[in-house]
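Chemist: Please see the structure below; I have some questions.
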Amino acid sequence: MSPAASFGERWALDNLTRKASPEELLTLDLILNSCSGDETEASKRARKYYTARGPGGLTELWHRRRPDDEDILSSCQDVYIVPLRTRSAEGRRLTFVKLPAPTVLNKPLNPKALLARWLMILDIRLRDDPTPGDEVVMIDVCDLQPAHLKSQFKGSYWKDFAWCMKSAYPHRFSEIHIINTQKLKTITVLLLHMSFYPWRRIIRSHAGEDGINNFMNDYFPPEGLPHEYGGKAGVMKDLNDEWTKKLLLNSKWLQIEEQKFYQTELKPDKRRQNRSLRNLLSISSYDISRSQSCKSLDNDLEEGPYGAYRSLTVDKTFYI
């Protein structure tokens with residue numbers, strides 16, 4: 001491998017048992033950017049990303065995803081998820097989540113369908129725009145009622161999603177703003193429901209209905225914001241419907257990607273193997289002895305199991 005090879009090319013060669021696609025190499029380089037150029041940290045994050053998408057990973061959220069599934073289509077009407085087309089003045093992305101949609105009655109929301117759909121949206125946007133940029137999330141809870149959160153305790157969907165975005169996904173959530181919280185008695189309860197409490201340092205809550213740019217340390221052009229938040233891009237329902245159509249159009253691609261990652265095998269982690277070897281050598285040498293040779297044990301089986309070690313002495317201090 002040439003010294004001029006990118007991080008993605010080097011990581012794929014060392015860790016994948018198959019050839020990485022050009023899209024995967026771009027994604028791996030994005031992971032390096034998310035880790036601020038730290039290749040050691042990026043290598044760990046990349047392995048977590050592939051592990052989460054493989055067998056035994058986040059099977060409830062990343063596997064068996066079908067945009068035309070009844071639960072997914074119902075989620076499209078219950079919760080609006082709208083990634084904006086334009087970025088901020090500093091190049092950050094912004095996603096609006098209306099939790100729940102204004103038309104939803106006091107029925108429990110389906111967390112599995114909601115978060116599986118959110119990951120599908122993130123994957124499509126990652127494919128369409130594989131460039132660096134922080135992710136800012138706006139969660140509007142203006143119409144949230146206690147009944148909507150009843151089913152959030154079932155399973156570990158929010159916890160898995162939060163772990164994925166914090167530790168594995170190529171893009172990180174740099175800020176999470178929970179807006180229109182005037183009806184909530186305590187924001188901490190909501191954060192615990194959504195497993196975002198460990199991220200409380202990057203989460204801001206806002207009770208008023210001020211414009212988005214009034215509490216951001218960045219500027220988002222009004223042309224790209226939804227109408228409900230002082231913009232000119234259209235109403236949330238229409239923008240959400242556009243993404244529902246996009247999910248359905250990309251159904252085949254999502255299934256192909258799911259199968260590709262599910263069948264991907266990772267090579268053994270060289271860093272972990274080297275670390276284990278160093279730890280083993282640092283213990284000092286092993287003094288392994290047998291009270292009898294294999295030949296004598298073969299002749300006198302009553303003395304013990306065939307080929308058994310009678311004593312294991314480590315560093316002449318510990319005896320097993």
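Letters A, B, ... mark the chains of the structure tokens in the order given; residue numbers begin at 1 per chain; ligand numbers begin at 1, in order shown.
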Need to verify the contact set: A:Phe220, 9 Å, only C-alpha atoms, exclusion of same-chain residues closer than 5 positions in sequence. Can you return it as a list of chain:residue names?
Modeler: A:Thr86, A:Arg87, A:Ser88, A:Ala89, A:Glu90, A:Arg92, A:Leu94, A:Ile212, A:Asn213, A:Leu225
Chemist: With all heavy atoms retained, write the just-selected residues as a PDB file, in the first residue's frame.
Modeler:
ATOM      1  N   THR A  86     -30.137  22.936   2.527  1.00  0.00           N
ATOM      2  CA  THR A  86     -29.039  23.896   2.624  1.00  0.00           C
ATOM      3  C   THR A  86     -28.326  23.762   3.965  1.00  0.00           C
ATOM      4  O   THR A  86     -28.895  23.278   4.945  1.00  0.00           O
ATOM      5  CB  THR A  86     -29.563  25.332   2.467  1.00  0.00           C
ATOM      6  OG1 THR A  86     -30.549  25.584   3.484  1.00  0.00           O
ATOM      7  CG2 THR A  86     -30.195  25.520   1.094  1.00  0.00           C
ATOM      8  N   ARG A  87     -27.088  24.238   3.986  1.00  0.00           N
ATOM      9  CA  ARG A  87     -26.299  24.213   5.212  1.00  0.00           C
ATOM     10  C   ARG A  87     -26.203  25.613   5.816  1.00  0.00           C
ATOM     11  O   ARG A  87     -26.605  26.603   5.214  1.00  0.00           O
ATOM     12  CB  ARG A  87     -24.894  23.677   4.929  1.00  0.00           C
ATOM     13  CG  ARG A  87     -24.853  22.255   4.431  1.00  0.00           C
ATOM     14  CD  ARG A  87     -23.456  21.702   4.601  1.00  0.00           C
ATOM     15  NE  ARG A  87     -23.271  20.428   3.927  1.00  0.00           N
ATOM     16  CZ  ARG A  87     -22.205  19.661   4.085  1.00  0.00           C
ATOM     17  NH1 ARG A  87     -21.216  20.062   4.879  1.00  0.00           N
ATOM     18  NH2 ARG A  87     -22.087  18.515   3.441  1.00  0.00           N
ATOM     19  N   SER A  88     -25.629  25.645   7.017  1.00  0.00           N
ATOM     20  CA  SER A  88     -25.469  26.921   7.702  1.00  0.00           C
ATOM     21  C   SER A  88     -24.280  27.684   7.127  1.00  0.00           C
ATOM     22  O   SER A  88     -23.556  27.190   6.251  1.00  0.00           O
ATOM     23  CB  SER A  88     -25.250  26.682   9.195  1.00  0.00           C
ATOM     24  OG  SER A  88     -23.959  26.120   9.412  1.00  0.00           O
ATOM     25  N   ALA A  89     -24.074  28.887   7.635  1.00  0.00           N
ATOM     26  CA  ALA A  89     -22.945  29.695   7.185  1.00  0.00           C
ATOM     27  C   ALA A  89     -21.620  29.014   7.485  1.00  0.00           C
ATOM     28  O   ALA A  89     -20.628  29.210   6.772  1.00  0.00           O
ATOM     29  CB  ALA A  89     -22.999  31.071   7.842  1.00  0.00           C
ATOM     30  N   GLU A  90     -21.579  28.172   8.521  1.00  0.00           N
ATOM     31  CA  GLU A  90     -20.354  27.453   8.897  1.00  0.00           C
ATOM     32  C   GLU A  90     -20.316  26.045   8.325  1.00  0.00           C
ATOM     33  O   GLU A  90     -19.439  25.257   8.687  1.00  0.00           O
ATOM     34  CB  GLU A  90     -20.229  27.412  10.420  1.00  0.00           C
ATOM     35  CG  GLU A  90     -20.063  28.789  11.058  1.00  0.00           C
ATOM     36  CD  GLU A  90     -19.869  28.710  12.555  1.00  0.00           C
ATOM     37  OE1 GLU A  90     -19.801  27.569  13.088  1.00  0.00           O
ATOM     38  OE2 GLU A  90     -19.790  29.755  13.205  1.00  0.00           O
ATOM     39  N   ARG A  92     -22.661  23.575   8.530  1.00  0.00           N
ATOM     40  CA  ARG A  92     -23.280  22.515   9.331  1.00  0.00           C
ATOM     41  C   ARG A  92     -24.630  22.112   8.740  1.00  0.00           C
ATOM     42  O   ARG A  92     -25.350  22.917   8.169  1.00  0.00           O
ATOM     43  CB  ARG A  92     -23.454  22.963  10.787  1.00  0.00           C
ATOM     44  CG  ARG A  92     -22.134  23.217  11.482  1.00  0.00           C
ATOM     45  CD  ARG A  92     -22.314  23.351  12.974  1.00  0.00           C
ATOM     46  NE  ARG A  92     -23.044  24.557  13.329  1.00  0.00           N
ATOM     47  CZ  ARG A  92     -23.364  24.886  14.585  1.00  0.00           C
ATOM     48  NH1 ARG A  92     -23.027  24.073  15.578  1.00  0.00           N
ATOM     49  NH2 ARG A  92     -24.007  25.996  14.829  1.00  0.00           N
ATOM     50  N   LEU A  94     -28.533  20.554   9.211  1.00  0.00           N
ATOM     51  CA  LEU A  94     -29.599  20.731  10.193  1.00  0.00           C
ATOM     52  C   LEU A  94     -30.756  19.799   9.852  1.00  0.00           C
ATOM     53  O   LEU A  94     -31.195  19.727   8.705  1.00  0.00           O
ATOM     54  CB  LEU A  94     -30.087  22.179  10.210  1.00  0.00           C
ATOM     55  CG  LEU A  94     -31.228  22.517  11.177  1.00  0.00           C
ATOM     56  CD1 LEU A  94     -30.820  22.223  12.625  1.00  0.00           C
ATOM     57  CD2 LEU A  94     -31.636  23.980  11.037  1.00  0.00           C
ATOM     58  N   ILE A 212     -35.096  30.318  14.867  1.00  0.00           N
ATOM     59  CA  ILE A 212     -33.975  29.396  15.062  1.00  0.00           C
ATOM     60  C   ILE A 212     -32.668  30.160  15.208  1.00  0.00           C
ATOM     61  O   ILE A 212     -31.840  29.859  16.073  1.00  0.00           O
ATOM     62  CB  ILE A 212     -33.898  28.406  13.884  1.00  0.00           C
ATOM     63  CG1 ILE A 212     -35.165  27.548  13.830  1.00  0.00           C
ATOM     64  CG2 ILE A 212     -32.660  27.533  13.999  1.00  0.00           C
ATOM     65  CD1 ILE A 212     -35.424  26.740  15.059  1.00  0.00           C
ATOM     66  N   ASN A 213     -32.455  31.142  14.373  1.00  0.00           N
ATOM     67  CA  ASN A 213     -31.177  31.853  14.387  1.00  0.00           C
ATOM     68  C   ASN A 213     -30.994  32.738  15.610  1.00  0.00           C
ATOM     69  O   ASN A 213     -29.898  33.248  15.844  1.00  0.00           O
ATOM     70  CB  ASN A 213     -31.037  32.702  13.116  1.00  0.00           C
ATOM     71  CG  ASN A 213     -30.781  31.846  11.885  1.00  0.00           C
ATOM     72  OD1 ASN A 213     -29.945  30.953  11.908  1.00  0.00           O
ATOM     73  ND2 ASN A 213     -31.517  32.097  10.809  1.00  0.00           N
ATOM     74  N   LEU A 225     -35.033  27.049   5.599  1.00  0.00           N
ATOM     75  CA  LEU A 225     -35.764  26.656   6.796  1.00  0.00           C
ATOM     76  C   LEU A 225     -37.239  26.410   6.496  1.00  0.00           C
ATOM     77  O   LEU A 225     -37.817  27.045   5.611  1.00  0.00           O
ATOM     78  CB  LEU A 225     -35.644  27.757   7.861  1.00  0.00           C
ATOM     79  CG  LEU A 225     -34.254  28.000   8.453  1.00  0.00           C
ATOM     80  CD1 LEU A 225     -34.290  29.208   9.374  1.00  0.00           C
ATOM     81  CD2 LEU A 225     -33.751  26.771   9.207  1.00  0.00           C
TER      82      LEU A 225
END
Chemist: Write out as a list in words all residues of stretch 40-171 of chain A that backbone DSSP assigns to strand (DSSP E or B).
Modeler: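 For stretch 40-171 of chain A, the strand (DSSP E or B) set is Tyr80, Ile81, Val82, Pro83, Arg93, Leu94, Thr95, Phe96, Val97, Lys98, Glu135, Val136, Val137, Met138, Ile139 and Asp140 of chain A.
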Chemist: Excluding stretch 106-112 of chain A and residues on its chain fewer than 5 positions from it, collect all residues at most 12 Å away from it, counting only C-alpha atoms, and give them as a PyMOL selection string.
Modeler: chain A and resi 58-65+70-79+99-101+117-119+143-161+193-194
Chemist: Select, from A:Asn180, A:Leu114, A:Pro83, A:Ala168, the residue with the minimum atom-to-atom distance to A:Trp243, counting only C-alpha atoms.
Modeler: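 Between A:Asn180, A:Leu114, A:Pro83, A:Ala168, the residue approaching A:Trp243 most closely is A:Pro83.
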Chemist: Please identify which residues in stretch 76-253 of chain A DSSP calls alpha helix (DSSP H) from the backbone, and express them as JSON, numbers by chain.
Modeler: {"A": [76, 77, 78, 111, 112, 113, 114, 115, 116, 117, 118, 119, 120, 121, 122, 123, 124, 125, 126, 127, 128, 157, 158, 159, 160, 161, 162, 163, 164, 165, 166, 167, 187, 188, 189, 190, 191, 192, 193, 236, 237, 238, 239, 240, 241, 242, 243, 244, 245, 246, 247, 248, 249, 251, 252, 253]}
Chemist: Which residue is closest to A:Ser36? Choose from A:Met165, A:Asn214, A:Tyr219, A:Asp134 and count only C-alpha atoms.
Modeler: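 Residue with the minimum atom-to-atom distance to A:Ser36: A:Asp134.
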Chemist: For A:Phe173, which of A:Lys232, A:Arg204, A:Arg93, A:Lys245 is the closest residue, counting only C-alpha atoms?
Modeler: A:Arg93
Chemist: Please provide the set of residues having any atom within 10 Å of A:Lys44, restricted to only C-alpha atoms, with same-chain residues fewer than 6 positions apart removed, written as a PyMOL selection string.
Modeler: chain A and resi 31+167-168+269+271
Chemist: Between atom CA of A:Ala116 and atom CA of A:Leu247, measure the distance and give it in Å to one decimal.
Modeler: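 Computing it gives 11.7 Å between the two atoms.
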Chemist: Nearest residue to A:Thr181 out of A:Cys142, A:Trp11, A:Gly231, A:Leu32, using only C-alpha atoms?
Modeler: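 Looking at the shortest contact to A:Thr181, the residue is A:Cys142.
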Chemist: Excluding A:Pro67 and any residue of its chain fewer than 6 positions from it, enumerate the residues within 9 Å of it, using only C-alpha atoms, and give them as a list in words.
Modeler: Leu73, Arg117, Met120, Thr244, Leu247, Leu248, Leu249, Asn250, Ser251 and Leu254 of chain A
Chemist: Got time to write the residues from that selection, all heavy atoms, as a PDB file, in the first residue's frame?
Modeler:
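Written file, selection_31.pdb:
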ATOM      1  N   LEU A  73     -44.378   3.287   7.356  1.00  0.00           N
ATOM      2  CA  LEU A  73     -45.277   4.253   6.729  1.00  0.00           C
ATOM      3  C   LEU A  73     -46.115   4.978   7.776  1.00  0.00           C
ATOM      4  O   LEU A  73     -46.378   6.184   7.646  1.00  0.00           O
ATOM      5  CB  LEU A  73     -46.186   3.542   5.723  1.00  0.00           C
ATOM      6  CG  LEU A  73     -45.493   2.998   4.465  1.00  0.00           C
ATOM      7  CD1 LEU A  73     -46.486   2.228   3.611  1.00  0.00           C
ATOM      8  CD2 LEU A  73     -44.860   4.132   3.668  1.00  0.00           C
ATOM      9  N   ARG A 117     -36.319   4.297  10.584  1.00  0.00           N
ATOM     10  CA  ARG A 117     -36.550   5.251   9.488  1.00  0.00           C
ATOM     11  C   ARG A 117     -35.531   6.378   9.513  1.00  0.00           C
ATOM     12  O   ARG A 117     -35.022   6.813   8.467  1.00  0.00           O
ATOM     13  CB  ARG A 117     -37.977   5.783   9.625  1.00  0.00           C
ATOM     14  CG  ARG A 117     -38.323   6.913   8.676  1.00  0.00           C
ATOM     15  CD  ARG A 117     -39.798   7.265   8.815  1.00  0.00           C
ATOM     16  NE  ARG A 117     -40.040   8.669   8.547  1.00  0.00           N
ATOM     17  CZ  ARG A 117     -40.517   9.532   9.429  1.00  0.00           C
ATOM     18  NH1 ARG A 117     -40.810   9.132  10.661  1.00  0.00           N
ATOM     19  NH2 ARG A 117     -40.712  10.786   9.096  1.00  0.00           N
ATOM     20  N   MET A 120     -32.397   5.189   8.014  1.00  0.00           N
ATOM     21  CA  MET A 120     -32.512   5.099   6.556  1.00  0.00           C
ATOM     22  C   MET A 120     -32.318   6.466   5.915  1.00  0.00           C
ATOM     23  O   MET A 120     -31.630   6.598   4.894  1.00  0.00           O
ATOM     24  CB  MET A 120     -33.880   4.512   6.174  1.00  0.00           C
ATOM     25  CG  MET A 120     -34.001   3.018   6.377  1.00  0.00           C
ATOM     26  SD  MET A 120     -35.506   2.317   5.650  1.00  0.00           S
ATOM     27  CE  MET A 120     -36.694   2.646   6.940  1.00  0.00           C
ATOM     28  N   THR A 244     -40.591  10.872   2.533  1.00  0.00           N
ATOM     29  CA  THR A 244     -41.282   9.587   2.486  1.00  0.00           C
ATOM     30  C   THR A 244     -41.205   9.000   1.082  1.00  0.00           C
ATOM     31  O   THR A 244     -40.918   7.808   0.899  1.00  0.00           O
ATOM     32  CB  THR A 244     -42.755   9.752   2.901  1.00  0.00           C
ATOM     33  OG1 THR A 244     -42.817  10.286   4.235  1.00  0.00           O
ATOM     34  CG2 THR A 244     -43.476   8.412   2.862  1.00  0.00           C
ATOM     35  N   LEU A 247     -37.683   7.732   0.440  1.00  0.00           N
ATOM     36  CA  LEU A 247     -37.438   6.432   1.068  1.00  0.00           C
ATOM     37  C   LEU A 247     -37.970   5.307   0.200  1.00  0.00           C
ATOM     38  O   LEU A 247     -37.294   4.291  -0.019  1.00  0.00           O
ATOM     39  CB  LEU A 247     -38.099   6.383   2.441  1.00  0.00           C
ATOM     40  CG  LEU A 247     -37.411   7.115   3.595  1.00  0.00           C
ATOM     41  CD1 LEU A 247     -38.271   7.028   4.844  1.00  0.00           C
ATOM     42  CD2 LEU A 247     -36.035   6.527   3.868  1.00  0.00           C
ATOM     43  N   LEU A 248     -39.172   5.466  -0.296  1.00  0.00           N
ATOM     44  CA  LEU A 248     -39.788   4.420  -1.124  1.00  0.00           C
ATOM     45  C   LEU A 248     -39.016   4.223  -2.428  1.00  0.00           C
ATOM     46  O   LEU A 248     -38.839   3.094  -2.895  1.00  0.00           O
ATOM     47  CB  LEU A 248     -41.243   4.779  -1.410  1.00  0.00           C
ATOM     48  CG  LEU A 248     -42.171   4.774  -0.186  1.00  0.00           C
ATOM     49  CD1 LEU A 248     -43.533   5.334  -0.540  1.00  0.00           C
ATOM     50  CD2 LEU A 248     -42.308   3.361   0.387  1.00  0.00           C
ATOM     51  N   LEU A 249     -38.530   5.311  -3.019  1.00  0.00           N
ATOM     52  CA  LEU A 249     -37.765   5.212  -4.267  1.00  0.00           C
ATOM     53  C   LEU A 249     -36.421   4.527  -4.052  1.00  0.00           C
ATOM     54  O   LEU A 249     -35.873   3.920  -4.974  1.00  0.00           O
ATOM     55  CB  LEU A 249     -37.555   6.602  -4.861  1.00  0.00           C
ATOM     56  CG  LEU A 249     -38.795   7.290  -5.454  1.00  0.00           C
ATOM     57  CD1 LEU A 249     -38.466   8.730  -5.861  1.00  0.00           C
ATOM     58  CD2 LEU A 249     -39.322   6.510  -6.657  1.00  0.00           C
ATOM     59  N   ASN A 250     -35.883   4.619  -2.839  1.00  0.00           N
ATOM     60  CA  ASN A 250     -34.571   4.025  -2.535  1.00  0.00           C
ATOM     61  C   ASN A 250     -34.692   2.701  -1.792  1.00  0.00           C
ATOM     62  O   ASN A 250     -33.708   2.232  -1.209  1.00  0.00           O
ATOM     63  CB  ASN A 250     -33.744   5.004  -1.702  1.00  0.00           C
ATOM     64  CG  ASN A 250     -33.194   6.153  -2.516  1.00  0.00           C
ATOM     65  OD1 ASN A 250     -32.149   6.042  -3.160  1.00  0.00           O
ATOM     66  ND2 ASN A 250     -33.906   7.275  -2.505  1.00  0.00           N
ATOM     67  N   SER A 251     -35.867   2.097  -1.832  1.00  0.00           N
ATOM     68  CA  SER A 251     -36.079   0.847  -1.108  1.00  0.00           C
ATOM     69  C   SER A 251     -35.107  -0.239  -1.550  1.00  0.00           C
ATOM     70  O   SER A 251     -34.511  -0.944  -0.711  1.00  0.00           O
ATOM     71  CB  SER A 251     -37.524   0.381  -1.308  1.00  0.00           C
ATOM     72  OG  SER A 251     -37.744  -0.849  -0.665  1.00  0.00           O
ATOM     73  N   LEU A 254     -31.514   0.466  -0.317  1.00  0.00           N
ATOM     74  CA  LEU A 254     -31.382   0.217   1.114  1.00  0.00           C
ATOM     75  C   LEU A 254     -31.236  -1.273   1.407  1.00  0.00           C
ATOM     76  O   LEU A 254     -30.426  -1.666   2.257  1.00  0.00           O
ATOM     77  CB  LEU A 254     -32.596   0.779   1.851  1.00  0.00           C
ATOM     78  CG  LEU A 254     -32.687   2.303   1.947  1.00  0.00           C
ATOM     79  CD1 LEU A 254     -34.077   2.731   2.407  1.00  0.00           C
ATOM     80  CD2 LEU A 254     -31.622   2.860   2.885  1.00  0.00           C
TER      81      LEU A 254
END
Chemist: Taking only C-alpha atoms into account, which of A:Lys267, A:Tyr262, A:Asp38, A:Phe215 comes nearest A:Ala52?
Modeler: A:Tyr262
Chemist: Take atom CA of A:Gly234 and atom CA of A:Ile176 and report the distance between them in Å, one decimal.
Modeler: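 Atom-to-atom, atom CA of A:Gly234 to atom CA of A:Ile176, that is 22.4 Å.
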Chemist: Would you mind reading off the distance between atom CA of A:Lys166 and atom CA of A:Tyr49, one decimal, in Å?
Modeler: 10.9 Å
Chemist: Would you mind listing what lies within 7 Å of A:Ala233 as a count of residues only, with only C-alpha atoms counted and same-chain residues fewer than 3 positions away left out?
Modeler: 5
